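Shown below: upload.txt, with compact mmCIF, C-alpha atoms.
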# COMPACT_ATOMS: atom_id res chain seq x y z
CA MET I 1 89.82 -10.91 178.26
CA GLN I 2 88.35 -14.32 177.50
CA GLU I 3 91.33 -15.99 179.13
CA ARG I 4 90.81 -13.89 182.30
CA ARG I 5 87.09 -14.89 182.43
CA HIS I 6 88.02 -18.55 182.00
CA ARG I 7 90.56 -18.28 184.83
CA SER I 8 88.10 -16.51 187.10
CA SER I 9 85.31 -19.05 186.42
CA THR I 10 87.77 -21.90 187.02
CA ALA I 11 88.95 -20.27 190.23
CA ALA I 12 85.34 -19.74 191.32
CA ALA I 13 84.49 -23.37 190.59
CA MET I 14 87.53 -24.55 192.53
CA GLY I 15 86.47 -22.28 195.38
CA VAL I 16 83.16 -24.16 195.56
CA VAL I 17 84.38 -27.66 194.73
CA LEU I 18 87.37 -27.80 197.08
CA PRO I 19 85.47 -26.91 200.27
CA ALA I 20 82.67 -29.33 199.33
CA ALA I 21 85.17 -32.12 198.66
CA LEU I 22 86.98 -31.40 201.92
CA GLY I 23 83.68 -31.46 203.76
CA LEU I 24 82.81 -34.85 202.28
CA LEU I 25 86.23 -36.21 203.20
CA LEU I 26 85.78 -35.04 206.77
CA LEU I 27 82.28 -36.53 206.96
CA ALA I 28 83.18 -39.86 205.29
CA PRO I 29 84.21 -41.63 208.53
CA CYS I 30 80.97 -40.49 210.19
CA ILE I 31 78.89 -41.65 207.23
CA ALA I 32 80.71 -44.99 207.11
CA GLN I 33 80.30 -45.47 210.85
CA ALA I 34 76.59 -44.65 210.66
CA ALA I 35 76.13 -47.12 207.79
CA THR I 36 78.00 -49.80 209.72
CA THR I 37 75.96 -49.16 212.84
CA VAL I 38 72.73 -49.55 210.88
CA VAL I 39 73.62 -52.91 209.30
CA THR I 40 75.71 -54.41 212.10
CA MET I 41 73.96 -57.16 214.00
CA GLY I 42 75.45 -59.31 216.70
CA ILE I 43 74.97 -63.04 217.00
CA GLU I 44 72.45 -62.76 219.84
CA GLU I 45 70.26 -60.27 217.99
CA ALA I 46 70.49 -62.27 214.75
CA CYS I 47 69.55 -65.48 216.56
CA ARG I 48 66.61 -63.75 218.24
CA LYS I 49 65.44 -62.63 214.81
CA ALA I 50 65.97 -66.14 213.37
CA ALA I 51 64.06 -67.77 216.24
CA SER I 52 61.16 -65.36 215.80
CA ALA I 53 61.22 -65.79 212.00
CA HIS I 54 61.21 -69.58 212.17
CA ALA I 55 59.74 -71.58 215.05
CA GLY I 56 62.14 -74.49 214.55
CA VAL I 57 65.21 -72.42 215.43
CA SER I 58 66.57 -72.86 218.94
CA TYR I 59 67.93 -69.50 220.08
CA ASP I 60 70.46 -71.12 222.43
CA HIS I 61 71.73 -73.52 219.77
CA CYS I 62 71.94 -70.71 217.22
CA VAL I 63 74.03 -68.53 219.56
CA SER I 64 76.32 -71.33 220.74
CA SER I 65 76.91 -72.70 217.22
CA LEU I 66 77.70 -69.35 215.65
CA ALA I 67 79.73 -68.05 218.59
CA SER I 68 81.86 -71.20 218.65
CA ASP I 69 82.94 -70.67 215.04
CA ALA I 70 85.89 -68.28 214.64
CA ARG I 71 84.50 -67.11 211.28
CA SER I 72 81.62 -65.41 213.10
CA ARG I 73 84.02 -62.60 214.10
CA ASP I 74 83.98 -61.48 210.46
CA ALA I 75 80.21 -61.87 210.11
CA ALA I 76 78.85 -58.65 211.54
CA ASP I 77 75.41 -58.59 209.93
CA LEU I 78 72.43 -60.87 209.39
CA HIS I 79 73.37 -61.65 205.79
CA LYS I 80 76.92 -62.71 206.69
CA LEU I 81 75.67 -64.77 209.63
CA ALA I 82 73.14 -66.51 207.35
CA VAL I 83 75.97 -67.29 204.90
CA LEU I 84 78.12 -68.61 207.74
CA ALA I 85 75.28 -70.80 209.06
CA ALA I 86 74.70 -72.18 205.56
CA ARG I 87 78.43 -72.95 205.25
CA MET I 88 78.31 -74.70 208.61
CA ALA I 89 75.29 -76.71 207.46
CA VAL I 90 77.19 -77.75 204.31
CA GLU I 91 80.11 -78.81 206.52
CA HIS I 92 77.77 -80.81 208.79
CA ALA I 93 76.21 -82.49 205.76
CA ALA I 94 79.65 -83.37 204.39
CA ALA I 95 80.81 -84.68 207.79
CA THR I 96 77.66 -86.77 208.13
CA GLU I 97 78.14 -88.05 204.59
CA ALA I 98 81.74 -89.07 205.45
CA LYS I 99 80.57 -90.75 208.69
CA ILE I 100 77.89 -92.72 206.80
CA GLU I 101 80.37 -93.71 204.12
CA GLY I 102 82.78 -94.98 206.78
CA LEU I 103 80.02 -96.96 208.51
CA GLY I 104 78.94 -98.45 205.18
CA GLU I 105 82.45 -99.71 204.50
CA VAL I 106 82.58 -101.74 207.72
CA GLU I 107 78.91 -102.80 207.86
CA GLU I 108 78.50 -106.49 207.11
CA ALA I 109 74.70 -106.80 207.16
CA PRO I 110 73.30 -106.16 203.65
CA HIS I 111 70.08 -104.61 204.98
CA ALA I 112 71.96 -102.14 207.18
CA ARG I 113 74.41 -101.34 204.37
CA ALA I 114 71.43 -100.61 202.07
CA ARG I 115 70.02 -98.22 204.70
CA LEU I 116 73.38 -96.50 205.03
CA ASN I 117 73.63 -96.17 201.25
CA HIS I 118 70.17 -94.61 201.19
CA CYS I 119 71.25 -92.11 203.86
CA LEU I 120 74.45 -91.45 201.93
CA ASP I 121 72.40 -90.55 198.85
CA LEU I 122 70.18 -88.27 200.94
CA TYR I 123 73.10 -86.40 202.45
CA SER I 124 74.92 -86.13 199.14
CA ALA I 125 71.84 -84.52 197.60
CA ALA I 126 71.36 -82.30 200.66
CA ALA I 127 74.96 -81.07 200.46
CA ASP I 128 74.44 -80.18 196.78
CA VAL I 129 71.22 -78.30 197.56
CA LEU I 130 72.93 -76.49 200.46
CA ARG I 131 75.77 -75.40 198.17
CA ASP I 132 73.17 -74.01 195.76
CA ALA I 133 71.50 -72.23 198.68
CA LEU I 134 74.87 -70.78 199.65
CA ASP I 135 75.35 -69.47 196.11
CA ASN I 136 71.92 -67.85 196.25
CA LEU I 137 72.66 -66.37 199.67
CA ASN I 138 75.88 -64.87 198.37
CA ALA I 139 73.86 -63.35 195.51
CA HIS I 140 71.25 -62.05 198.00
CA VAL I 141 68.53 -64.23 196.42
CA TYR I 142 66.95 -65.01 199.79
CA GLY I 143 63.67 -66.49 198.55
CA MET I 144 65.34 -69.22 196.52
CA ALA I 145 67.95 -69.80 199.24
CA SER I 146 65.15 -70.28 201.80
CA GLN I 147 63.40 -72.81 199.58
CA GLN I 148 66.63 -74.73 199.10
CA LEU I 149 67.48 -74.68 202.81
CA ALA I 150 63.99 -75.95 203.63
CA ALA I 151 64.37 -78.74 201.07
CA ALA I 152 67.74 -79.74 202.52
CA LEU I 153 66.22 -80.12 205.98
CA GLY I 154 64.52 -83.33 204.94
CA ALA I 155 67.76 -85.33 204.73
CA ALA I 156 68.08 -85.88 208.48
CA GLU I 157 64.44 -86.85 208.91
CA SER I 158 64.42 -89.13 205.89
CA CYS I 159 67.62 -90.84 206.97
CA GLU I 160 66.23 -91.52 210.42
CA ASP I 161 63.00 -92.82 208.88
CA VAL I 162 64.85 -95.67 207.14
CA TRP I 163 66.01 -96.86 210.58
CA LYS I 164 62.50 -96.98 212.11
CA GLY I 165 61.99 -100.11 214.11
CA GLU I 166 65.70 -100.46 214.85
CA GLU I 167 67.05 -100.02 218.35
CA ARG I 168 70.05 -98.05 217.19
CA VAL I 169 70.30 -95.35 214.56
CA PRO I 170 74.02 -95.18 213.77
CA VAL I 171 73.98 -91.57 212.59
CA ALA I 172 71.35 -90.11 214.94
CA ALA I 173 73.68 -87.57 216.58
CA HIS I 174 74.97 -86.40 213.19
CA ASP I 175 71.42 -86.21 211.84
CA ARG I 176 70.27 -84.06 214.74
CA GLU I 177 73.20 -81.65 214.56
CA TYR I 178 72.92 -81.32 210.79
CA GLY I 179 69.18 -80.68 211.04
CA ARG I 180 69.61 -78.06 213.77
CA MET I 181 72.31 -76.20 211.82
CA ALA I 182 70.31 -76.26 208.59
CA MET I 183 67.35 -74.90 210.60
CA VAL I 184 69.52 -72.06 211.95
CA ALA I 185 70.60 -71.22 208.38
CA LEU I 186 66.96 -71.22 207.29
CA GLY I 187 65.90 -69.00 210.20
CA LEU I 188 68.68 -66.48 209.58
CA THR I 189 67.90 -66.43 205.86
CA THR I 190 64.20 -65.92 206.57
CA GLY I 191 65.15 -63.12 208.96
CA ALA I 192 67.34 -61.51 206.30
CA MET I 193 64.38 -61.49 203.88
CA ALA I 194 62.26 -59.44 206.30
Kindly return the structure encoded in the file as structure tokens.
Amino acid sequence: MQERRHRSSTAAAMGVVLPAALGLLLLAPCIAQAATTVVTMGIEEACRKAASAHAGVSYDHCVSSLASDARSRDAADLHKLAVLAARMAVEHAAATEAKIEGLGEVEEAPHARARLNHCLDLYSAAADVLRDALDNLNAHVYGMASQQLAAALGAAESCEDVWKGEERVPVAAHDREYGRMAMVALGLTTGAMA
């Protein structure tokens, strides 16, 4: 008798559990699609949010920079776009660092070489801070990442400051592009915090 009760309670439980499980399996694609729809954000919308979150972000530059990078196809939300922009800023800092290093190797004037070395130190430090910001972004620690991105912005300005009074700033184009990309990363990160 006890065995029959156990079988009937097991059968009754299976009668409830199986339809519920089947229902969840059938609804899973809908739930996943709804979740994706909620968090998905295109480049244009993310850049609009970044430009409204931070006045220094150029919407057009944000869109063109992110859209031109093939990795943006895999970055379908604000967080992933902020991570991508931070990676791009790290790459710009490293490229600027390499450009400055190359210029320093061929520069003969001691004063100019000293300025280039100063800029090299600035960009080296900025790249380190950007990598820390990227780590914090990956960990969703947006407040700290924003502070680090803001701190890294100063490299371009400080580098150009050491060339004041000179007709030619040898890394001006690199400085500008680095600064604009770091600003985009900051704007997207600020937008992700909201």
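Nearest residue to Met88 of chain I among I:Glu44, I:Asp69, I:Asp132, I:Glu108 is I:Asp69, counting only C-alpha atoms.
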- prompt: If you count only C-alpha atoms, which residues fall within 12 Å of segment 152-154 of chain I, apart from same-chain ones fewer than 2 positions away, as a PyMOL selection string?
  reply: chain I and resi 56+86+89-90+92-93+119+122-134+145-150+156-161+175-187
- prompt: Neighbours of Leu81 of chain I within 10 Å (all atoms listed in the file; same-chain residues fewer than 4 positions away dropped), as number ranges by chain?
  reply: I: 41-43, 46-47, 66, 71-77, 85-87, 184-185, 188-189, 192
- prompt: What lies within 10 Å of Val162 of chain I using all atoms listed in the file, ignoring chain neighbours under 6 positions off, as a list in words?
  reply: Ala112, Ala114, Arg115, Leu116, His118, Cys119 and Val169 of chain I
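The space separating atom CA of His174 of chain I from atom CA of Ala95 of chain I comes to 8.1 Å.
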field: Two-atom distance - atom CA of His140 of chain I, atom CA of His61 of chain I (Å)
entry: 24.6 Å
Where's the centre, and what are the edge lengths in Å to one decimal, of a box along x, y and z enclosing all listed atoms of segment 112-117 of chain I padded 6 Å per side, as lines of an AutoDock Vina configuration file?
center_x = 72.2
center_y = -99.2
center_z = 204.2
size_x = 16.4
size_y = 18.0
size_z = 17.9
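Atom CA of Glu91 of chain I is positioned 27.6 Å from atom CA of Glu167 of chain I.
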Could you add N, CA, C and O atoms to segment 119-133 of chain I and give me the result as a PDB file, in the frame of the given file?
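Output saved as rebuild29.pdb:
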ATOM      1  N   CYS I 119      70.917 -93.336 203.120  1.00  0.00           N
ATOM      2  CA  CYS I 119      71.250 -92.110 203.860  1.00  0.00           C
ATOM      3  C   CYS I 119      72.377 -91.343 203.167  1.00  0.00           C
ATOM      4  O   CYS I 119      72.361 -90.111 203.106  1.00  0.00           O
ATOM      5  N   LEU I 120      73.335 -92.065 202.649  1.00  0.00           N
ATOM      6  CA  LEU I 120      74.450 -91.450 201.930  1.00  0.00           C
ATOM      7  C   LEU I 120      73.930 -90.663 200.727  1.00  0.00           C
ATOM      8  O   LEU I 120      74.341 -89.514 200.493  1.00  0.00           O
ATOM      9  N   ASP I 121      73.005 -91.243 199.989  1.00  0.00           N
ATOM     10  CA  ASP I 121      72.400 -90.550 198.850  1.00  0.00           C
ATOM     11  C   ASP I 121      71.656 -89.293 199.299  1.00  0.00           C
ATOM     12  O   ASP I 121      71.742 -88.242 198.653  1.00  0.00           O
ATOM     13  N   LEU I 122      70.922 -89.412 200.417  1.00  0.00           N
ATOM     14  CA  LEU I 122      70.180 -88.270 200.940  1.00  0.00           C
ATOM     15  C   LEU I 122      71.101 -87.118 201.314  1.00  0.00           C
ATOM     16  O   LEU I 122      70.852 -85.958 200.974  1.00  0.00           O
ATOM     17  N   TYR I 123      72.173 -87.443 202.019  1.00  0.00           N
ATOM     18  CA  TYR I 123      73.100 -86.400 202.450  1.00  0.00           C
ATOM     19  C   TYR I 123      73.912 -85.826 201.297  1.00  0.00           C
ATOM     20  O   TYR I 123      74.245 -84.627 201.301  1.00  0.00           O
ATOM     21  N   SER I 124      74.216 -86.629 200.328  1.00  0.00           N
ATOM     22  CA  SER I 124      74.920 -86.130 199.140  1.00  0.00           C
ATOM     23  C   SER I 124      74.043 -85.105 198.422  1.00  0.00           C
ATOM     24  O   SER I 124      74.513 -84.030 198.035  1.00  0.00           O
ATOM     25  N   ALA I 125      72.781 -85.440 198.252  1.00  0.00           N
ATOM     26  CA  ALA I 125      71.840 -84.520 197.600  1.00  0.00           C
ATOM     27  C   ALA I 125      71.642 -83.266 198.451  1.00  0.00           C
ATOM     28  O   ALA I 125      71.603 -82.146 197.925  1.00  0.00           O
ATOM     29  N   ALA I 126      71.543 -83.445 199.773  1.00  0.00           N
ATOM     30  CA  ALA I 126      71.360 -82.300 200.660  1.00  0.00           C
ATOM     31  C   ALA I 126      72.558 -81.355 200.580  1.00  0.00           C
ATOM     32  O   ALA I 126      72.395 -80.124 200.539  1.00  0.00           O
ATOM     33  N   ALA I 127      73.769 -81.908 200.550  1.00  0.00           N
ATOM     34  CA  ALA I 127      74.960 -81.070 200.460  1.00  0.00           C
ATOM     35  C   ALA I 127      74.954 -80.268 199.159  1.00  0.00           C
ATOM     36  O   ALA I 127      75.309 -79.076 199.152  1.00  0.00           O
ATOM     37  N   ASP I 128      74.525 -80.888 198.061  1.00  0.00           N
ATOM     38  CA  ASP I 128      74.440 -80.180 196.780  1.00  0.00           C
ATOM     39  C   ASP I 128      73.426 -79.037 196.852  1.00  0.00           C
ATOM     40  O   ASP I 128      73.688 -77.923 196.383  1.00  0.00           O
ATOM     41  N   VAL I 129      72.264 -79.320 197.436  1.00  0.00           N
ATOM     42  CA  VAL I 129      71.220 -78.300 197.560  1.00  0.00           C
ATOM     43  C   VAL I 129      71.701 -77.165 198.477  1.00  0.00           C
ATOM     44  O   VAL I 129      71.462 -75.989 198.203  1.00  0.00           O
ATOM     45  N   LEU I 130      72.402 -77.516 199.553  1.00  0.00           N
ATOM     46  CA  LEU I 130      72.930 -76.490 200.460  1.00  0.00           C
ATOM     47  C   LEU I 130      73.965 -75.609 199.761  1.00  0.00           C
ATOM     48  O   LEU I 130      74.008 -74.394 199.994  1.00  0.00           O
ATOM     49  N   ARG I 131      74.789 -76.205 198.918  1.00  0.00           N
ATOM     50  CA  ARG I 131      75.770 -75.400 198.170  1.00  0.00           C
ATOM     51  C   ARG I 131      75.057 -74.437 197.222  1.00  0.00           C
ATOM     52  O   ARG I 131      75.480 -73.290 197.050  1.00  0.00           O
ATOM     53  N   ASP I 132      73.968 -74.902 196.605  1.00  0.00           N
ATOM     54  CA  ASP I 132      73.170 -74.010 195.760  1.00  0.00           C
ATOM     55  C   ASP I 132      72.552 -72.888 196.591  1.00  0.00           C
ATOM     56  O   ASP I 132      72.517 -71.730 196.163  1.00  0.00           O
ATOM     57  N   ALA I 133      72.069 -73.239 197.777  1.00  0.00           N
ATOM     58  CA  ALA I 133      71.500 -72.230 198.680  1.00  0.00           C
ATOM     59  C   ALA I 133      72.567 -71.206 199.062  1.00  0.00           C
ATOM     60  O   ALA I 133      72.298 -69.992 199.112  1.00  0.00           O
TER      61      ALA I 133
END
